[in-house]
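J.: Structure supplied as input.cif; contents: mmCIF, C-alpha atoms and all ligand atoms.
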```cif
data_final
#
loop_
_atom_site.label_atom_id
_atom_site.label_comp_id
_atom_site.auth_asym_id
_atom_site.auth_seq_id
_atom_site.Cartn_x
_atom_site.Cartn_y
_atom_site.Cartn_z
CA MET Y 1 -27.47 -5.56 6.58
CA LYS Y 2 -27.19 -2.72 9.07
CA VAL Y 3 -23.84 -2.06 10.74
CA GLY Y 4 -23.90 0.12 13.86
CA PHE Y 5 -20.73 1.98 14.80
CA LEU Y 6 -19.31 4.57 17.19
CA GLY Y 7 -20.28 7.75 15.37
CA PRO Y 8 -21.05 10.39 14.33
CA LYS Y 9 -19.89 10.22 10.70
CA ALA Y 10 -16.10 10.26 10.14
CA THR Y 11 -14.86 8.68 13.37
CA PHE Y 12 -11.99 6.22 13.02
CA THR Y 13 -14.60 3.52 13.66
CA ASP Y 14 -16.53 4.84 10.66
CA ILE Y 15 -13.35 4.48 8.55
CA ALA Y 16 -13.04 0.86 9.72
CA VAL Y 17 -16.68 0.22 8.75
CA ARG Y 18 -16.24 1.83 5.30
CA GLU Y 19 -13.23 -0.41 4.69
CA MET Y 20 -14.82 -3.60 5.97
CA PHE Y 21 -18.44 -3.18 4.90
CA PRO Y 22 -18.52 -0.76 1.95
CA GLU Y 23 -21.85 -2.11 0.75
CA GLU Y 24 -23.77 -2.32 4.00
CA LYS Y 25 -25.91 0.39 5.58
CA ALA Y 26 -23.86 2.08 8.30
CA VAL Y 27 -25.74 3.46 11.31
CA PRO Y 28 -23.90 5.85 13.69
CA TYR Y 29 -24.44 5.80 17.47
CA LEU Y 30 -23.01 8.43 19.80
CA THR Y 31 -21.51 6.09 22.38
CA ILE Y 32 -20.16 2.54 22.63
CA PRO Y 33 -22.96 1.46 25.04
CA ASP Y 34 -25.50 2.79 22.50
CA CYS Y 35 -23.93 0.44 19.89
CA PHE Y 36 -24.28 -2.52 22.26
CA ASP Y 37 -27.90 -1.60 23.10
CA ALA Y 38 -28.80 -1.35 19.41
CA LEU Y 39 -27.34 -4.80 18.84
CA ILE Y 40 -29.21 -6.31 21.78
CA GLU Y 41 -32.47 -4.75 20.59
CA ASP Y 42 -31.92 -5.99 17.00
CA GLU Y 43 -31.91 -2.46 15.52
CA ILE Y 44 -28.70 -3.48 13.73
CA ASP Y 45 -27.18 -6.77 12.52
CA MET Y 46 -23.57 -6.03 13.43
CA ALA Y 47 -21.73 -3.49 15.57
CA VAL Y 48 -18.19 -2.19 15.13
CA VAL Y 49 -16.50 -0.68 18.20
CA PRO Y 50 -12.87 0.13 19.13
CA LEU Y 51 -11.15 -2.43 21.38
CA GLU Y 52 -7.48 -1.49 21.70
CA ASN Y 53 -5.03 1.19 20.65
CA ALA Y 54 -1.32 0.53 20.22
CA LEU Y 55 -0.38 3.59 22.33
CA GLU Y 56 -3.21 3.82 24.82
CA GLY Y 57 -4.12 0.16 25.42
CA SER Y 58 -7.62 -1.25 25.79
CA VAL Y 59 -10.84 0.64 25.37
CA ASN Y 60 -12.12 -0.40 28.78
CA ILE Y 61 -15.77 0.39 28.16
CA THR Y 62 -15.80 -2.05 25.23
CA LEU Y 63 -14.10 -4.81 27.26
CA ASP Y 64 -16.42 -4.28 30.19
CA TYR Y 65 -19.56 -4.43 28.05
CA LEU Y 66 -18.28 -7.57 26.34
CA VAL Y 67 -17.64 -9.28 29.62
CA HIS Y 68 -20.27 -7.96 32.03
CA GLU Y 69 -23.20 -6.69 29.98
CA VAL Y 70 -23.73 -8.67 26.79
CA ASP Y 71 -23.44 -12.20 25.54
CA ILE Y 72 -22.79 -11.51 21.87
CA PRO Y 73 -19.80 -13.08 20.12
CA ILE Y 74 -16.95 -11.28 18.39
CA ILE Y 75 -17.13 -12.30 14.71
CA GLY Y 76 -14.22 -10.29 13.33
CA GLU Y 77 -11.49 -7.78 14.00
CA VAL Y 78 -9.94 -5.06 11.92
CA THR Y 79 -6.78 -3.05 12.66
CA CYS Y 80 -6.44 0.42 11.13
CA PRO Y 81 -3.66 3.02 11.15
CA ILE Y 82 -4.54 6.12 13.16
CA ARG Y 83 -3.36 9.56 12.00
CA GLN Y 84 -4.37 12.47 14.17
CA HIS Y 85 -4.56 16.08 12.95
CA LEU Y 86 -5.30 19.37 14.67
CA MET Y 87 -8.16 21.23 13.00
CA VAL Y 88 -10.03 24.46 13.55
CA HIS Y 89 -13.01 26.33 12.13
CA PRO Y 90 -11.92 27.92 8.81
CA MET Y 91 -12.58 31.37 10.34
CA ASN Y 92 -9.81 30.63 12.87
CA LYS Y 93 -7.27 29.08 10.58
CA ASP Y 94 -4.58 31.69 11.22
CA LYS Y 95 -5.08 31.66 14.98
CA TRP Y 96 -4.38 28.06 15.96
CA LYS Y 97 -1.70 29.09 18.46
CA GLU Y 98 -4.48 30.97 20.31
CA ILE Y 99 -6.72 27.92 20.71
CA GLY Y 100 -8.54 28.14 24.06
CA VAL Y 101 -9.69 24.49 24.34
CA VAL Y 102 -8.74 21.32 22.47
CA TYR Y 103 -11.56 18.81 22.04
CA SER Y 104 -11.23 15.11 21.28
CA HIS Y 105 -11.74 11.54 22.39
CA SER Y 106 -9.66 10.71 25.48
CA HIS Y 107 -7.55 8.20 23.51
CA ALA Y 108 -6.81 10.76 20.80
CA LEU Y 109 -5.82 13.43 23.36
CA ALA Y 110 -3.47 10.93 24.98
CA GLN Y 111 -1.99 9.91 21.62
CA CYS Y 112 -1.03 13.57 21.02
CA HIS Y 113 0.16 14.33 24.53
CA LYS Y 114 3.70 15.42 23.56
CA PHE Y 115 2.44 17.66 20.77
CA LEU Y 116 -0.09 19.33 23.09
CA HIS Y 117 2.51 19.74 25.83
CA LYS Y 118 5.00 21.35 23.47
CA GLU Y 119 2.86 23.36 21.07
CA LEU Y 120 -0.19 24.23 23.15
CA LYS Y 121 1.24 24.11 26.67
CA GLY Y 122 -1.34 24.90 29.34
CA THR Y 123 -4.28 24.84 26.94
CA PRO Y 124 -7.14 22.90 28.55
CA SER Y 125 -8.57 19.88 26.79
CA GLU Y 126 -12.12 18.53 26.86
CA LYS Y 127 -13.09 14.93 26.22
CA THR Y 128 -15.75 14.15 23.69
CA THR Y 129 -17.50 10.87 22.87
CA SER Y 130 -15.40 10.51 19.71
CA THR Y 131 -12.94 12.43 17.56
CA ALA Y 132 -15.67 13.21 15.02
CA ALA Y 133 -17.95 14.55 17.78
CA ALA Y 134 -15.12 16.98 18.60
CA ALA Y 135 -14.88 18.06 14.94
CA GLN Y 136 -18.65 18.52 14.75
CA PHE Y 137 -18.61 20.63 17.93
CA VAL Y 138 -15.79 22.87 16.64
CA LYS Y 139 -17.67 23.38 13.36
CA GLU Y 140 -20.77 24.45 15.27
CA SER Y 141 -18.82 26.86 17.53
CA PRO Y 142 -17.05 29.38 15.23
CA ASP Y 143 -17.22 32.10 17.87
CA ILE Y 144 -14.74 30.33 20.18
CA ILE Y 145 -11.17 29.55 19.10
CA ALA Y 146 -11.38 25.82 19.62
CA GLY Y 147 -9.37 22.97 18.15
CA ALA Y 148 -10.36 19.38 17.46
CA ILE Y 149 -8.08 16.40 17.12
CA ALA Y 150 -9.53 14.09 14.51
CA ASN Y 151 -8.85 12.45 11.15
CA GLU Y 152 -8.80 13.88 7.63
CA LEU Y 153 -12.24 12.51 6.79
CA ALA Y 154 -13.68 14.44 9.75
CA ALA Y 155 -12.04 17.68 8.53
CA THR Y 156 -13.74 17.18 5.16
CA GLU Y 157 -17.07 16.02 6.59
CA TYR Y 158 -17.37 18.96 9.03
CA GLY Y 159 -15.65 21.61 6.87
CA LEU Y 160 -12.70 22.25 9.19
CA GLU Y 161 -9.19 23.40 8.31
CA ILE Y 162 -6.28 21.12 9.26
CA VAL Y 163 -3.62 23.37 10.81
CA GLN Y 164 -1.16 20.70 12.04
CA LYS Y 165 -0.89 17.30 10.40
CA ASP Y 166 0.16 14.02 11.99
CA ILE Y 167 0.38 15.22 15.56
CA HIS Y 168 0.28 11.75 17.17
CA ASP Y 169 3.43 11.24 19.25
CA VAL Y 170 4.51 7.83 17.97
CA SER Y 171 4.38 6.75 14.34
CA TYR Y 172 3.11 3.21 15.03
CA ASN Y 173 -0.39 4.32 16.00
CA HIS Y 174 -2.97 1.66 15.21
CA THR Y 175 -6.35 0.75 16.68
CA ARG Y 176 -8.10 -2.64 16.70
CA PHE Y 177 -11.83 -2.60 16.14
CA ILE Y 178 -14.08 -5.60 16.75
CA VAL Y 179 -17.19 -6.69 14.89
CA LEU Y 180 -19.97 -8.20 16.98
CA SER Y 181 -23.10 -10.00 15.83
CA LYS Y 182 -25.75 -12.36 17.13
CA LYS Y 183 -26.14 -13.66 13.58
CA LYS Y 184 -23.97 -16.21 11.87
CA VAL Y 185 -22.26 -13.70 9.59
CA ARG Y 186 -19.12 -14.91 7.84
CA LEU Y 187 -16.53 -12.29 6.96
CA HIS Y 188 -14.62 -12.74 3.71
CA GLU Y 189 -11.38 -14.52 4.45
CA GLU Y 190 -10.28 -14.22 0.82
CA LYS Y 191 -9.87 -10.41 1.15
CA SER Y 192 -6.27 -9.24 0.75
CA THR Y 193 -6.50 -7.58 4.17
CA TYR Y 194 -7.18 -10.95 5.85
CA LYS Y 195 -4.32 -11.85 8.19
CA GLY Y 196 -5.47 -14.92 10.11
CA PHE Y 197 -7.78 -16.30 12.77
CA LYS Y 198 -7.82 -15.86 16.52
CA THR Y 199 -9.89 -16.99 19.48
CA THR Y 200 -10.53 -14.77 22.50
CA VAL Y 201 -10.99 -16.47 25.85
CA MET Y 202 -12.03 -14.96 29.17
CA ILE Y 203 -10.70 -16.76 32.23
CA THR Y 204 -11.50 -16.21 35.89
CA LEU Y 205 -9.00 -17.76 38.27
CA PRO Y 206 -10.03 -19.56 41.46
CA SER Y 207 -9.38 -17.30 44.44
CA ASP Y 208 -6.35 -17.84 46.62
CA ARG Y 209 -4.74 -20.65 44.63
CA ALA Y 210 -0.97 -20.27 44.50
CA GLY Y 211 0.42 -20.56 40.99
CA ALA Y 212 -3.03 -20.48 39.31
CA LEU Y 213 -1.93 -18.10 36.53
CA HIS Y 214 1.13 -20.22 35.87
CA GLN Y 215 -1.10 -23.32 35.52
CA VAL Y 216 -3.44 -21.45 33.16
CA LEU Y 217 -0.57 -20.40 30.90
CA SER Y 218 0.86 -23.93 30.99
CA ALA Y 219 -2.40 -25.31 29.57
CA PHE Y 220 -1.76 -23.21 26.44
CA ALA Y 221 2.02 -23.61 26.44
CA TRP Y 222 2.33 -27.40 26.39
CA ARG Y 223 -0.18 -27.53 23.50
CA LYS Y 224 2.11 -25.04 21.68
CA LEU Y 225 -0.72 -22.51 21.34
CA ASN Y 226 0.59 -19.05 20.56
CA LEU Y 227 -0.93 -16.23 22.62
CA SER Y 228 -1.01 -12.75 21.08
CA LYS Y 229 -2.50 -10.92 24.06
CA ILE Y 230 -3.06 -11.36 27.77
CA GLU Y 231 -4.71 -8.71 29.84
CA SER Y 232 -6.31 -8.52 33.27
CA ARG Y 233 -9.36 -6.45 34.19
CA PRO Y 234 -11.19 -6.01 37.49
CA MET Y 235 -14.12 -8.38 38.10
CA LYS Y 236 -15.97 -5.48 39.79
CA THR Y 237 -16.78 -7.79 42.70
CA GLY Y 238 -14.16 -6.47 45.11
CA LEU Y 239 -10.61 -5.20 45.31
CA GLY Y 240 -8.07 -7.66 43.97
CA ASN Y 241 -10.57 -9.77 41.95
CA TYR Y 242 -9.48 -9.93 38.32
CA PHE Y 243 -10.27 -11.89 35.19
CA PHE Y 244 -7.98 -12.45 32.20
CA ILE Y 245 -8.61 -11.95 28.53
CA ILE Y 246 -6.38 -14.11 26.36
CA ASP Y 247 -6.11 -14.08 22.55
CA VAL Y 248 -5.02 -17.41 21.06
CA ASP Y 249 -3.58 -17.28 17.56
CA MET Y 250 -5.79 -19.97 16.04
CA LYS Y 251 -9.32 -20.83 15.00
CA GLN Y 252 -11.41 -22.67 17.55
CA ASP Y 253 -10.90 -26.36 16.80
CA GLU Y 254 -12.32 -29.57 18.18
CA VAL Y 255 -9.25 -30.75 20.05
CA LEU Y 256 -6.78 -28.16 21.36
CA ILE Y 257 -9.03 -25.34 22.55
CA PRO Y 258 -11.66 -27.69 24.06
CA GLY Y 259 -8.71 -29.44 25.74
CA VAL Y 260 -7.53 -26.15 27.27
CA VAL Y 261 -11.07 -25.33 28.44
CA ALA Y 262 -11.50 -28.75 30.08
CA GLU Y 263 -8.09 -28.50 31.76
CA LEU Y 264 -8.80 -25.01 33.09
CA GLU Y 265 -12.25 -25.98 34.35
CA ALA Y 266 -10.65 -28.89 36.19
CA LEU Y 267 -8.47 -26.25 37.90
CA ASP Y 268 -11.68 -24.48 39.04
CA CYS Y 269 -11.26 -21.64 36.53
CA GLN Y 270 -14.32 -20.18 34.80
CA VAL Y 271 -13.80 -20.06 31.05
CA LYS Y 272 -15.83 -18.30 28.37
CA ILE Y 273 -14.99 -18.10 24.67
CA LEU Y 274 -15.79 -14.53 23.55
CA GLY Y 275 -15.36 -15.41 19.87
CA SER Y 276 -13.28 -17.20 17.27
CA TYR Y 277 -12.91 -14.94 14.27
CA PRO Y 278 -10.85 -13.75 11.29
CA TYR Y 279 -8.78 -10.61 11.65
CA PHE Y 280 -7.93 -8.05 9.01
CA GLN Y 281 -5.34 -5.30 8.69
CA ILE Y 282 -6.03 -2.19 6.67
CA GLY Y 283 -3.48 0.28 5.26
CA SER Y 284 -0.54 -1.25 7.08
CA GLU Y 285 1.96 1.35 5.88
CA LYS Y 286 3.45 3.37 8.75
CA SER Y 287 1.81 6.70 9.25
CA ARG Y 288 4.04 9.73 9.09
CA VAL Y 289 4.69 11.66 12.26
CA GLN Y 290 5.84 15.19 12.68
CA HIS Y 291 9.12 15.51 14.56
CA LEU Y 292 8.73 18.00 17.36
O1 LIG I 1 -13.18 8.71 18.28
C1 LIG I 1 -13.02 7.98 17.29
O2 LIG I 1 -12.85 8.42 16.15
C2 LIG I 1 -13.06 6.53 17.49
O3 LIG I 1 -13.33 5.80 16.57
C3 LIG I 1 -12.66 6.02 18.85
C4 LIG I 1 -11.17 5.82 19.03
C5 LIG I 1 -10.85 5.02 20.35
O4 LIG I 1 -11.76 4.62 21.06
O5 LIG I 1 -9.67 4.81 20.60
C6 LIG I 1 -10.66 5.01 17.91
C7 LIG I 1 -9.43 5.21 17.38
C8 LIG I 1 -8.50 6.22 17.92
O6 LIG I 1 -7.61 5.51 18.74
C9 LIG I 1 -9.19 7.25 18.72
C10 LIG I 1 -10.45 7.09 19.15
#
```
Could you show the structure in this file as structure tokens?

T.:
Amino acid sequence: MKVGFLGPKATFTDIAVREMFPEEKAVPYLTIPDCFDALIEDEIDMAVVPLENALEGSVNITLDYLVHEVDIPIIGEVTCPIRQHLMVHPMNKDKWKEIGVVYSHSHALAQCHKFLHKELKGTPSEKTTSTAAAAQFVKESPDIIAGAIANELAATEYGLEIVQKDIHDVSYNHTRFIVLSKKKVRLHEEKSTYKGFKTTVMITLPSDRAGALHQVLSAFAWRKLNLSKIESRPMKTGLGNYFFIIDVDMKQDEVLIPGVVAELEALDCQVKILGSYPYFQIGSEKSRVQHL
């Protein structure tokens, strides 16, 4: 099977794919929308994209594609520790304090905000499509003193020198990646990294109904359904119009979740199940962080 992912080689998404699908053919795409397009056009069987980071919150482009652009279920989720390092071209390894621009993915730059503020104050940063794209760019630009924030695999893959290790500001830095597929692929629940099952539901509230959110949450609460996430996002239909994404800590069943859906529909909510899937946690040990 072919697994598309946010590339190029050695992104954090690539690490998630290597852990989850070591035997499948991994196909890199430069952007998250490219991964979705490849899935829609059947170039690949599954796609793995980042969904949420513990420090930076949701990856909005992924959420928006899931909700507005595609109708492909989530079939799995994997959480990975994220360790960010500052790396330069080997020719510049003694000059990292003179870096003129720091390149990385916007989430990675934000995860290292304190480090950048303290150690490279005033140095401009440039966003790239991924951390590995930043590493690749720095490798191809030895004539400028540029830095990339990326992982260790990227330093090896693109031949860069790590000059500052573990520069993320908070030690609990993890990212959740989702697996999407049109096919009925079953992920191995017997793996030691398997942690449980969840169901993701998208809910649009009726407009102008007092207490609607309270009623929605009650439908879960009185059935004793545990929620692990609730988040609102703009509907993109006008200011103030939002939908909710709710993660329920259980597998879709034939009684409780259909009961919630029926109750919410009776309240004039629109409800869509985005997936009911196993989730996995890789390398759960806390990553080290440098104390600034
Ligand atoms: O750029 C990468 O390496 C990615 O896999 C993307 C991404 C993200 O979208 O948050 C994934 C994990 C890290 O949080 C930083 C970047």

J.: When you count all atoms listed in the file, which of these residues is closest to ligand LIG 1 (chain I): Y:Gly275, Y:Gly259, Y:Pro50, Y:Pro124?

T.: Y:Pro50

J.: Residues at most 6 Å from ligand LIG 1 (chain I), using all atoms listed in the file? Could they come as a list in words?

T.: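 Final answer, ordered by chain and number: Thr11, Phe12, Thr13, Pro50, Asn53, Val59, His105, His107, Ala108, Ser130, Thr131, Ala132 and Thr175 of chain Y.
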
J.: Can you tell me which residues surround Thr129 of chain Y at a distance of at most 8 Å, considering all atoms listed in the file, apart from same-chain residues fewer than 5 positions away, and format the answer as a ChimeraX atom specification?

T.: /Y:30-31,104-105,134

J.: Store the residues of this selection in a file with C-alpha atoms, as an mmCIF file, in the coordinates of the input.

T.:
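result_33.cif, written as the output of this step:
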```
data_model
loop_
_atom_site.group_PDB
_atom_site.id
_atom_site.type_symbol
_atom_site.label_atom_id
_atom_site.label_comp_id
_atom_site.auth_asym_id
_atom_site.auth_seq_id
_atom_site.Cartn_x
_atom_site.Cartn_y
_atom_site.Cartn_z
ATOM 1 C CA LEU Y 30 -23.010 8.430 19.800
ATOM 2 C CA THR Y 31 -21.510 6.090 22.380
ATOM 3 C CA SER Y 104 -11.230 15.110 21.280
ATOM 4 C CA HIS Y 105 -11.740 11.540 22.390
ATOM 5 C CA ALA Y 134 -15.120 16.980 18.600
#
```

J.: What's the 12 Å shell around Thr123 of chain Y, counting all atoms listed in the file, without same-chain residues fewer than 6 positions away, as a PyMOL selection string?

T.: chain Y and resi 96-103+113+115-117+145-147

J.: Please work out which residues fall within 12 Å of (-1.0, -7.2, 17.2), coordinates as given in the file, with only C-alpha atoms counting, and return them as an mmCIF file with C-alpha atoms, in the frame of the given file.

T.:
```cif
data_model
loop_
_atom_site.group_PDB
_atom_site.id
_atom_site.type_symbol
_atom_site.label_atom_id
_atom_site.label_comp_id
_atom_site.auth_asym_id
_atom_site.auth_seq_id
_atom_site.Cartn_x
_atom_site.Cartn_y
_atom_site.Cartn_z
ATOM 1 C CA LEU Y 51 -11.150 -2.430 21.380
ATOM 2 C CA GLU Y 52 -7.480 -1.490 21.700
ATOM 3 C CA ASN Y 53 -5.030 1.190 20.650
ATOM 4 C CA ALA Y 54 -1.320 0.530 20.220
ATOM 5 C CA LEU Y 55 -0.380 3.590 22.330
ATOM 6 C CA GLY Y 57 -4.120 0.160 25.420
ATOM 7 C CA GLU Y 77 -11.490 -7.780 14.000
ATOM 8 C CA VAL Y 78 -9.940 -5.060 11.920
ATOM 9 C CA THR Y 79 -6.780 -3.050 12.660
ATOM 10 C CA CYS Y 80 -6.440 0.420 11.130
ATOM 11 C CA TYR Y 172 3.110 3.210 15.030
ATOM 12 C CA ASN Y 173 -0.390 4.320 16.000
ATOM 13 C CA HIS Y 174 -2.970 1.660 15.210
ATOM 14 C CA THR Y 175 -6.350 0.750 16.680
ATOM 15 C CA ARG Y 176 -8.100 -2.640 16.700
ATOM 16 C CA PHE Y 177 -11.830 -2.600 16.140
ATOM 17 C CA LYS Y 195 -4.320 -11.850 8.190
ATOM 18 C CA GLY Y 196 -5.470 -14.920 10.110
ATOM 19 C CA LYS Y 198 -7.820 -15.860 16.520
ATOM 20 C CA LEU Y 227 -0.930 -16.230 22.620
ATOM 21 C CA SER Y 228 -1.010 -12.750 21.080
ATOM 22 C CA LYS Y 229 -2.500 -10.920 24.060
ATOM 23 C CA ILE Y 230 -3.060 -11.360 27.770
ATOM 24 C CA ASP Y 247 -6.110 -14.080 22.550
ATOM 25 C CA VAL Y 248 -5.020 -17.410 21.060
ATOM 26 C CA ASP Y 249 -3.580 -17.280 17.560
ATOM 27 C CA TYR Y 279 -8.780 -10.610 11.650
ATOM 28 C CA PHE Y 280 -7.930 -8.050 9.010
ATOM 29 C CA GLN Y 281 -5.340 -5.300 8.690
ATOM 30 C CA SER Y 284 -0.540 -1.250 7.080
#
```
